[in-house]
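J.: I'd like to ask you about the structure that follows.
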Amino acid sequence: MKSCRRISWRNRIVARVLALALVAWWAALSAESSDAQVYPARPIHIVVAEPGTQSDAMGRAIVPTLTRMLGQPIVIDNQGGAGGTIAAQRVAQARADGYTLLIGGVNNIVLATLVRSKLSYAPATDLLPLGGIARVPYGIAITGKIPANDLTEFFAYARAHPGELSFGSSGTGSSSQLAIELLKARIGFDMLHVPYRGTTSALPDLIGGRIQVMASDLSLLLPQAKAGRIRLVAVTGAKRAEASPETPTVAEEGLPGYAIEPWYGLFAPAGIPKDVEDVLARALGDALQSEEVIRQLLAQGYEPFPLSGDALRAFAVEETTKYSSLIDVAGLRNSQ
């Protein structure tokens, strides 16, 4: 009799444990189902580079509008270092649920695959393009500490002072490095590369003459050039920039075919649910049509780049082909 009572008691405990487990499983399943149906159901995190960088500025330009459209808070997470690859790696390895996104661009989506021999993520397969955000008109500026008034005079000065000059960039393997490395390769002069965590950090050294030249976005360079602290000698795009129409392109200064035009888009971890992808892509597309976002981007010198996710994917493939040949000219293939 006692043995039967012990078995009955144990059976009741087992039954209760199983019942609790079933309740917990059903609650979790219901929560996941609910999240999928009402996405977004909690705050979204957008990972960008360090504060003051282009991706950071773009994130802060689109977040207020996206927040209103999606009905949830959106948090900007700054993750600097390694030319944006640390930020991209973090998102590539995040849970594919639409709550961790990346503002990435030519540096960590295209150039990283060409200049880094070991990359912890594969942009083409680990990151899903949701749409383009903006292009960044780039300029080349020189310090006012050297006697050169334009790009041609700077080339002559650099050739006359081999090994004495240096240039800053936003990091090894970045578009700001490539812009100057191409000049070095095609003109034939030598300069030391000094990588910074961002061109914002490099600007004081350019003004002070500790580095002699730098390529960066016009929104950073123009105020200093207008104040006479540096000299803006060229823009790097295929055509003159609206923000500085009087500044010639590098091609116009004697290097036909030269064109470096950084761009950025919004990415998610590959594998997010299709309905979540559609919600995010639609919200981004609508945001880039809003007057508020367009005004914010233009005010910072950026040009809206409203590509769809599929169009951005195709564009990234074209950019990889383009930059692959430029990387070879500059001698940066698998340099890291």
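Labeling convention for the structure tokens: chains A, B, ... as they appear, residues from 1 per chain, ligands from 1 in order of appearance.
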As a PDB file with N, CA and C atoms, in the first residue's frame, which residues of stretch 61-245 of chain A does DSSP assign to strand (DSSP E)?
T.:
ATOM      1  N   ILE A  74      13.506  53.680 -31.522  1.00  0.00           N
ATOM      2  CA  ILE A  74      14.665  53.173 -32.259  1.00  0.00           C
ATOM      3  C   ILE A  74      15.911  53.740 -31.595  1.00  0.00           C
ATOM      4  N   VAL A  75      16.795  52.854 -31.216  1.00  0.00           N
ATOM      5  CA  VAL A  75      18.002  53.231 -30.477  1.00  0.00           C
ATOM      6  C   VAL A  75      19.207  53.185 -31.417  1.00  0.00           C
ATOM      7  N   ILE A  76      20.003  54.259 -31.414  1.00  0.00           N
ATOM      8  CA  ILE A  76      21.253  54.279 -32.172  1.00  0.00           C
ATOM      9  C   ILE A  76      22.352  53.687 -31.295  1.00  0.00           C
ATOM     10  N   ASP A  77      22.973  52.621 -31.760  1.00  0.00           N
ATOM     11  CA  ASP A  77      24.087  51.989 -31.046  1.00  0.00           C
ATOM     12  C   ASP A  77      25.386  52.280 -31.787  1.00  0.00           C
ATOM     13  N   ASN A  78      26.287  53.008 -31.150  1.00  0.00           N
ATOM     14  CA  ASN A  78      27.576  53.321 -31.764  1.00  0.00           C
ATOM     15  C   ASN A  78      28.576  52.198 -31.525  1.00  0.00           C
ATOM     16  N   THR A 100      17.717  44.192 -34.706  1.00  0.00           N
ATOM     17  CA  THR A 100      19.089  44.696 -34.759  1.00  0.00           C
ATOM     18  C   THR A 100      19.437  44.935 -36.222  1.00  0.00           C
ATOM     19  N   LEU A 101      19.676  46.201 -36.579  1.00  0.00           N
ATOM     20  CA  LEU A 101      19.921  46.592 -37.958  1.00  0.00           C
ATOM     21  C   LEU A 101      21.263  47.311 -38.061  1.00  0.00           C
ATOM     22  N   LEU A 102      21.711  47.522 -39.292  1.00  0.00           N
ATOM     23  CA  LEU A 102      23.013  48.155 -39.545  1.00  0.00           C
ATOM     24  C   LEU A 102      22.862  49.231 -40.610  1.00  0.00           C
ATOM     25  N   ILE A 103      23.479  50.381 -40.355  1.00  0.00           N
ATOM     26  CA  ILE A 103      23.714  51.326 -41.446  1.00  0.00           C
ATOM     27  C   ILE A 103      25.137  51.057 -41.927  1.00  0.00           C
ATOM     28  N   GLY A 104      25.228  50.386 -43.056  1.00  0.00           N
ATOM     29  CA  GLY A 104      26.527  50.015 -43.617  1.00  0.00           C
ATOM     30  C   GLY A 104      26.694  50.621 -44.992  1.00  0.00           C
ATOM     31  N   GLY A 105      27.922  50.579 -45.497  1.00  0.00           N
ATOM     32  CA  GLY A 105      28.177  51.193 -46.785  1.00  0.00           C
ATOM     33  C   GLY A 105      29.356  50.585 -47.495  1.00  0.00           C
ATOM     34  N   LEU A 127      24.280  39.500 -44.585  1.00  0.00           N
ATOM     35  CA  LEU A 127      23.543  40.753 -44.393  1.00  0.00           C
ATOM     36  C   LEU A 127      22.534  40.936 -45.522  1.00  0.00           C
ATOM     37  N   LEU A 128      21.322  41.330 -45.155  1.00  0.00           N
ATOM     38  CA  LEU A 128      20.242  41.525 -46.116  1.00  0.00           C
ATOM     39  C   LEU A 128      20.035  43.022 -46.374  1.00  0.00           C
ATOM     40  N   PRO A 129      20.209  43.485 -47.614  1.00  0.00           N
ATOM     41  CA  PRO A 129      19.959  44.903 -47.916  1.00  0.00           C
ATOM     42  C   PRO A 129      18.462  45.219 -47.849  1.00  0.00           C
ATOM     43  N   LEU A 130      18.140  46.282 -47.119  1.00  0.00           N
ATOM     44  CA  LEU A 130      16.752  46.730 -47.022  1.00  0.00           C
ATOM     45  C   LEU A 130      16.486  47.945 -47.894  1.00  0.00           C
ATOM     46  N   GLY A 131      17.544  48.695 -48.219  1.00  0.00           N
ATOM     47  CA  GLY A 131      17.388  49.869 -49.083  1.00  0.00           C
ATOM     48  C   GLY A 131      18.524  50.849 -48.895  1.00  0.00           C
ATOM     49  N   GLY A 132      18.701  51.698 -49.890  1.00  0.00           N
ATOM     50  CA  GLY A 132      19.740  52.726 -49.806  1.00  0.00           C
ATOM     51  C   GLY A 132      19.293  53.894 -48.949  1.00  0.00           C
ATOM     52  N   ILE A 133      20.265  54.648 -48.437  1.00  0.00           N
ATOM     53  CA  ILE A 133      19.957  55.833 -47.631  1.00  0.00           C
ATOM     54  C   ILE A 133      20.518  57.095 -48.276  1.00  0.00           C
ATOM     55  N   ALA A 134      21.843  57.146 -48.470  1.00  0.00           N
ATOM     56  CA  ALA A 134      22.436  58.374 -49.002  1.00  0.00           C
ATOM     57  C   ALA A 134      23.819  58.117 -49.597  1.00  0.00           C
ATOM     58  N   ARG A 135      24.198  58.979 -50.517  1.00  0.00           N
ATOM     59  CA  ARG A 135      25.569  59.061 -51.018  1.00  0.00           C
ATOM     60  C   ARG A 135      26.284  60.179 -50.265  1.00  0.00           C
ATOM     61  N   TYR A 138      32.518  63.389 -51.580  1.00  0.00           N
ATOM     62  CA  TYR A 138      33.823  63.458 -50.941  1.00  0.00           C
ATOM     63  C   TYR A 138      34.661  64.568 -51.564  1.00  0.00           C
ATOM     64  N   GLY A 139      35.512  65.154 -50.750  1.00  0.00           N
ATOM     65  CA  GLY A 139      36.460  66.134 -51.240  1.00  0.00           C
ATOM     66  C   GLY A 139      37.863  65.777 -50.795  1.00  0.00           C
ATOM     67  N   ILE A 140      38.847  66.364 -51.456  1.00  0.00           N
ATOM     68  CA  ILE A 140      40.247  66.219 -51.063  1.00  0.00           C
ATOM     69  C   ILE A 140      40.727  67.577 -50.584  1.00  0.00           C
ATOM     70  N   ALA A 141      41.226  67.615 -49.356  1.00  0.00           N
ATOM     71  CA  ALA A 141      41.678  68.861 -48.763  1.00  0.00           C
ATOM     72  C   ALA A 141      43.137  68.744 -48.350  1.00  0.00           C
ATOM     73  N   ILE A 142      43.842  69.863 -48.439  1.00  0.00           N
ATOM     74  CA  ILE A 142      45.238  69.905 -48.016  1.00  0.00           C
ATOM     75  C   ILE A 142      45.397  70.945 -46.913  1.00  0.00           C
ATOM     76  N   THR A 143      46.401  70.755 -46.105  1.00  0.00           N
ATOM     77  CA  THR A 143      46.656  71.704 -45.031  1.00  0.00           C
ATOM     78  C   THR A 143      47.128  73.038 -45.596  1.00  0.00           C
ATOM     79  N   SER A 166      52.374  63.023 -45.178  1.00  0.00           N
ATOM     80  CA  SER A 166      51.493  61.967 -44.675  1.00  0.00           C
ATOM     81  C   SER A 166      50.044  62.351 -44.939  1.00  0.00           C
ATOM     82  N   PHE A 167      49.169  61.354 -44.989  1.00  0.00           N
ATOM     83  CA  PHE A 167      47.750  61.622 -45.179  1.00  0.00           C
ATOM     84  C   PHE A 167      46.943  60.829 -44.164  1.00  0.00           C
ATOM     85  N   GLY A 168      45.802  61.393 -43.771  1.00  0.00           N
ATOM     86  CA  GLY A 168      44.938  60.738 -42.797  1.00  0.00           C
ATOM     87  C   GLY A 168      43.752  60.073 -43.479  1.00  0.00           C
ATOM     88  N   SER A 169      43.178  59.102 -42.788  1.00  0.00           N
ATOM     89  CA  SER A 169      41.979  58.426 -43.298  1.00  0.00           C
ATOM     90  C   SER A 169      41.120  57.993 -42.129  1.00  0.00           C
ATOM     91  N   LEU A 192      53.079  58.758 -46.230  1.00  0.00           N
ATOM     92  CA  LEU A 192      52.764  57.855 -45.132  1.00  0.00           C
ATOM     93  C   LEU A 192      51.275  57.894 -44.830  1.00  0.00           C
ATOM     94  N   HIS A 193      50.652  56.719 -44.687  1.00  0.00           N
ATOM     95  CA  HIS A 193      49.245  56.628 -44.322  1.00  0.00           C
ATOM     96  C   HIS A 193      49.101  56.618 -42.807  1.00  0.00           C
ATOM     97  N   VAL A 194      48.242  57.516 -42.287  1.00  0.00           N
ATOM     98  CA  VAL A 194      47.975  57.581 -40.847  1.00  0.00           C
ATOM     99  C   VAL A 194      46.485  57.311 -40.630  1.00  0.00           C
ATOM    100  N   PRO A 195      46.112  56.096 -40.217  1.00  0.00           N
ATOM    101  CA  PRO A 195      44.691  55.790 -40.003  1.00  0.00           C
ATOM    102  C   PRO A 195      44.180  56.354 -38.682  1.00  0.00           C
ATOM    103  N   VAL A 213      47.286  65.984 -46.147  1.00  0.00           N
ATOM    104  CA  VAL A 213      46.153  65.829 -47.057  1.00  0.00           C
ATOM    105  C   VAL A 213      45.188  64.791 -46.506  1.00  0.00           C
ATOM    106  N   MET A 214      43.918  64.894 -46.902  1.00  0.00           N
ATOM    107  CA  MET A 214      42.907  63.950 -46.437  1.00  0.00           C
ATOM    108  C   MET A 214      41.712  64.000 -47.378  1.00  0.00           C
ATOM    109  N   ALA A 215      41.100  62.857 -47.595  1.00  0.00           N
ATOM    110  CA  ALA A 215      39.833  62.789 -48.323  1.00  0.00           C
ATOM    111  C   ALA A 215      38.731  62.517 -47.312  1.00  0.00           C
ATOM    112  N   SER A 216      37.661  63.286 -47.393  1.00  0.00           N
ATOM    113  CA  SER A 216      36.553  63.103 -46.457  1.00  0.00           C
ATOM    114  C   SER A 216      35.300  63.731 -47.043  1.00  0.00           C
ATOM    115  N   ASP A 217      34.164  63.607 -46.323  1.00  0.00           N
ATOM    116  CA  ASP A 217      32.924  64.165 -46.832  1.00  0.00           C
ATOM    117  C   ASP A 217      32.964  65.691 -46.796  1.00  0.00           C
ATOM    118  N   ILE A 230      41.926  75.144 -44.093  1.00  0.00           N
ATOM    119  CA  ILE A 230      42.431  74.118 -45.010  1.00  0.00           C
ATOM    120  C   ILE A 230      42.069  74.559 -46.424  1.00  0.00           C
ATOM    121  N   ARG A 231      42.579  73.862 -47.433  1.00  0.00           N
ATOM    122  CA  ARG A 231      42.248  74.180 -48.823  1.00  0.00           C
ATOM    123  C   ARG A 231      41.555  72.986 -49.466  1.00  0.00           C
ATOM    124  N   LEU A 232      40.349  73.192 -49.947  1.00  0.00           N
ATOM    125  CA  LEU A 232      39.615  72.156 -50.670  1.00  0.00           C
ATOM    126  C   LEU A 232      40.054  72.233 -52.132  1.00  0.00           C
ATOM    127  N   VAL A 233      40.716  71.190 -52.626  1.00  0.00           N
ATOM    128  CA  VAL A 233      41.314  71.274 -53.954  1.00  0.00           C
ATOM    129  C   VAL A 233      40.589  70.441 -55.010  1.00  0.00           C
ATOM    130  N   ALA A 234      39.730  69.502 -54.612  1.00  0.00           N
ATOM    131  CA  ALA A 234      39.014  68.684 -55.591  1.00  0.00           C
ATOM    132  C   ALA A 234      37.904  67.914 -54.904  1.00  0.00           C
ATOM    133  N   VAL A 235      36.949  67.448 -55.706  1.00  0.00           N
ATOM    134  CA  VAL A 235      35.954  66.485 -55.237  1.00  0.00           C
ATOM    135  C   VAL A 235      36.219  65.176 -55.953  1.00  0.00           C
TER     136      VAL A 235
END
J.: Residues within 10 Å of A:Ala92, please, as a list in words. Count only C-alpha atoms; anything in the same chain fewer than 5 positions from it doesn't count.
T.: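 The filter keeps Ile86, Ala87, Thr100, Leu101, Leu102, Ser120, Tyr121, Ala122, Pro123, Thr125, Asp126, Leu127, Leu128, Phe267, Ala268, Pro269 and Ala270 of chain A.
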J.: Produce a file of the selected residues containing N, CA and C atoms, as an mmCIF file, in the first residue's frame.
T.:
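Written file, selection.cif:
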data_model
loop_
_atom_site.group_PDB
_atom_site.id
_atom_site.type_symbol
_atom_site.label_atom_id
_atom_site.label_comp_id
_atom_site.auth_asym_id
_atom_site.auth_seq_id
_atom_site.Cartn_x
_atom_site.Cartn_y
_atom_site.Cartn_z
ATOM 1 N N ILE A 86 33.536 46.059 -37.428
ATOM 2 C CA ILE A 86 33.079 45.562 -36.121
ATOM 3 C C ILE A 86 31.564 45.728 -36.009
ATOM 4 N N ALA A 87 31.059 46.872 -36.450
ATOM 5 C CA ALA A 87 29.613 47.102 -36.439
ATOM 6 C C ALA A 87 28.902 46.101 -37.348
ATOM 7 N N THR A 100 17.717 44.192 -34.706
ATOM 8 C CA THR A 100 19.089 44.696 -34.759
ATOM 9 C C THR A 100 19.437 44.935 -36.222
ATOM 10 N N LEU A 101 19.676 46.201 -36.579
ATOM 11 C CA LEU A 101 19.921 46.592 -37.958
ATOM 12 C C LEU A 101 21.263 47.311 -38.061
ATOM 13 N N LEU A 102 21.711 47.522 -39.292
ATOM 14 C CA LEU A 102 23.013 48.155 -39.545
ATOM 15 C C LEU A 102 22.862 49.231 -40.610
ATOM 16 N N SER A 120 35.268 38.272 -40.614
ATOM 17 C CA SER A 120 34.451 37.373 -39.806
ATOM 18 C C SER A 120 32.995 37.303 -40.269
ATOM 19 N N TYR A 121 32.666 37.962 -41.349
ATOM 20 C CA TYR A 121 31.314 37.888 -41.904
ATOM 21 C C TYR A 121 31.422 38.010 -43.422
ATOM 22 N N ALA A 122 30.410 37.530 -44.125
ATOM 23 C CA ALA A 122 30.350 37.638 -45.583
ATOM 24 C C ALA A 122 29.182 38.555 -45.931
ATOM 25 N N PRO A 123 29.443 39.800 -46.323
ATOM 26 C CA PRO A 123 28.347 40.739 -46.560
ATOM 27 C C PRO A 123 27.282 40.221 -47.509
ATOM 28 N N THR A 125 26.145 37.267 -48.028
ATOM 29 C CA THR A 125 25.281 36.184 -47.529
ATOM 30 C C THR A 125 24.815 36.385 -46.084
ATOM 31 N N ASP A 126 25.531 37.177 -45.306
ATOM 32 C CA ASP A 126 25.191 37.355 -43.888
ATOM 33 C C ASP A 126 24.349 38.592 -43.617
ATOM 34 N N LEU A 127 24.280 39.500 -44.585
ATOM 35 C CA LEU A 127 23.543 40.753 -44.393
ATOM 36 C C LEU A 127 22.534 40.936 -45.522
ATOM 37 N N LEU A 128 21.322 41.330 -45.155
ATOM 38 C CA LEU A 128 20.242 41.525 -46.116
ATOM 39 C C LEU A 128 20.035 43.022 -46.374
ATOM 40 N N PHE A 267 20.753 47.628 -43.488
ATOM 41 C CA PHE A 267 20.896 46.182 -43.620
ATOM 42 C C PHE A 267 20.372 45.491 -42.366
ATOM 43 N N ALA A 268 19.935 44.247 -42.547
ATOM 44 C CA ALA A 268 19.485 43.393 -41.445
ATOM 45 C C ALA A 268 20.247 42.081 -41.514
ATOM 46 N N PRO A 269 20.282 41.317 -40.430
ATOM 47 C CA PRO A 269 20.874 39.979 -40.520
ATOM 48 C C PRO A 269 20.113 39.145 -41.549
ATOM 49 N N ALA A 270 20.815 38.377 -42.342
ATOM 50 C CA ALA A 270 20.150 37.521 -43.327
ATOM 51 C C ALA A 270 19.236 36.528 -42.606
#
J.: Compare A:Leu70, A:Ala227, A:Val110, A:Ala96 by their minimum atom-to-atom distance to A:Gly83, counting only C-alpha atoms, and give me the closest one.
T.: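 Nearest candidate to A:Gly83 out of A:Leu70, A:Ala227, A:Val110, A:Ala96: A:Val110.
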J.: Determine which residues of stretch 96-262 of chain A DSSP labels as alpha helix (DSSP H) from the backbone of this structure, then write them out as a PyMOL selection string.
T.: chain A and resi 112-115+123-126+151-160+175-183+199-208+218-226
J.: Write a file of the selected residues as a PDB file, in the first residue's frame, keeping C-alpha atoms.
T.:
ATOM      1  CA  ALA A 112      36.335  45.063 -46.527  1.00  0.00           C
ATOM      2  CA  THR A 113      35.918  41.969 -48.697  1.00  0.00           C
ATOM      3  CA  LEU A 114      38.729  43.156 -50.977  1.00  0.00           C
ATOM      4  CA  VAL A 115      41.362  44.456 -48.582  1.00  0.00           C
ATOM      5  CA  PRO A 123      28.347  40.739 -46.560  1.00  0.00           C
ATOM      6  CA  ALA A 124      26.726  39.070 -49.561  1.00  0.00           C
ATOM      7  CA  THR A 125      25.281  36.184 -47.529  1.00  0.00           C
ATOM      8  CA  ASP A 126      25.191  37.355 -43.888  1.00  0.00           C
ATOM      9  CA  LEU A 151      45.678  69.663 -56.726  1.00  0.00           C
ATOM     10  CA  THR A 152      48.259  70.074 -59.503  1.00  0.00           C
ATOM     11  CA  GLU A 153      50.495  72.182 -57.255  1.00  0.00           C
ATOM     12  CA  PHE A 154      50.082  69.664 -54.451  1.00  0.00           C
ATOM     13  CA  PHE A 155      51.183  66.834 -56.748  1.00  0.00           C
ATOM     14  CA  ALA A 156      54.295  68.803 -57.676  1.00  0.00           C
ATOM     15  CA  TYR A 157      55.038  69.545 -54.020  1.00  0.00           C
ATOM     16  CA  ALA A 158      54.555  65.893 -53.037  1.00  0.00           C
ATOM     17  CA  ARG A 159      56.911  64.666 -55.769  1.00  0.00           C
ATOM     18  CA  ALA A 160      59.500  67.196 -54.646  1.00  0.00           C
ATOM     19  CA  SER A 175      37.237  54.750 -48.964  1.00  0.00           C
ATOM     20  CA  SER A 176      39.074  57.767 -47.547  1.00  0.00           C
ATOM     21  CA  GLN A 177      42.330  55.787 -47.670  1.00  0.00           C
ATOM     22  CA  LEU A 178      41.598  54.427 -51.140  1.00  0.00           C
ATOM     23  CA  ALA A 179      40.913  57.938 -52.478  1.00  0.00           C
ATOM     24  CA  ILE A 180      44.470  59.050 -51.649  1.00  0.00           C
ATOM     25  CA  GLU A 181      46.160  55.726 -52.429  1.00  0.00           C
ATOM     26  CA  LEU A 182      44.804  55.991 -55.979  1.00  0.00           C
ATOM     27  CA  LEU A 183      46.336  59.447 -56.329  1.00  0.00           C
ATOM     28  CA  THR A 199      38.114  61.579 -40.427  1.00  0.00           C
ATOM     29  CA  THR A 200      36.531  63.784 -37.756  1.00  0.00           C
ATOM     30  CA  SER A 201      39.404  62.735 -35.501  1.00  0.00           C
ATOM     31  CA  ALA A 202      41.943  63.428 -38.267  1.00  0.00           C
ATOM     32  CA  LEU A 203      40.703  66.952 -39.078  1.00  0.00           C
ATOM     33  CA  PRO A 204      42.559  68.780 -36.264  1.00  0.00           C
ATOM     34  CA  ASP A 205      45.832  67.251 -37.449  1.00  0.00           C
ATOM     35  CA  LEU A 206      45.116  68.392 -41.011  1.00  0.00           C
ATOM     36  CA  ILE A 207      44.397  71.913 -39.800  1.00  0.00           C
ATOM     37  CA  GLY A 208      47.562  71.890 -37.692  1.00  0.00           C
ATOM     38  CA  LEU A 218      32.333  67.734 -47.922  1.00  0.00           C
ATOM     39  CA  SER A 219      30.126  68.474 -44.929  1.00  0.00           C
ATOM     40  CA  LEU A 220      33.224  68.072 -42.735  1.00  0.00           C
ATOM     41  CA  LEU A 221      35.684  69.859 -45.017  1.00  0.00           C
ATOM     42  CA  LEU A 222      33.697  72.813 -46.380  1.00  0.00           C
ATOM     43  CA  PRO A 223      33.285  74.822 -43.138  1.00  0.00           C
ATOM     44  CA  GLN A 224      37.011  74.594 -42.455  1.00  0.00           C
ATOM     45  CA  ALA A 225      37.861  75.496 -46.051  1.00  0.00           C
ATOM     46  CA  LYS A 226      35.562  78.525 -45.977  1.00  0.00           C
TER      47      LYS A 226
END
J.: Find the residue from A:Asn108, A:Gly228, A:Tyr258, A:Pro51 that sits nearest to A:Ser325; use only C-alpha atoms when measuring.
T.: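 Distance minimum relative to A:Ser325 lands on A:Tyr258.
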J.: Can you work out which one of A:Val106, A:Ala243, A:Gly198, A:Pro64 has the shortest atom-to-atom distance to A:Arg313, counting only C-alpha atoms?
T.: A:Val106
J.: Go through A:Ile146, A:Ala283, A:Ala41, A:Ile46 and flag the residue nearest A:Met58, using only C-alpha atoms for the distances.
T.: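 Using only C-alpha atoms, the shortest distance to A:Met58 belongs to A:Ile46.
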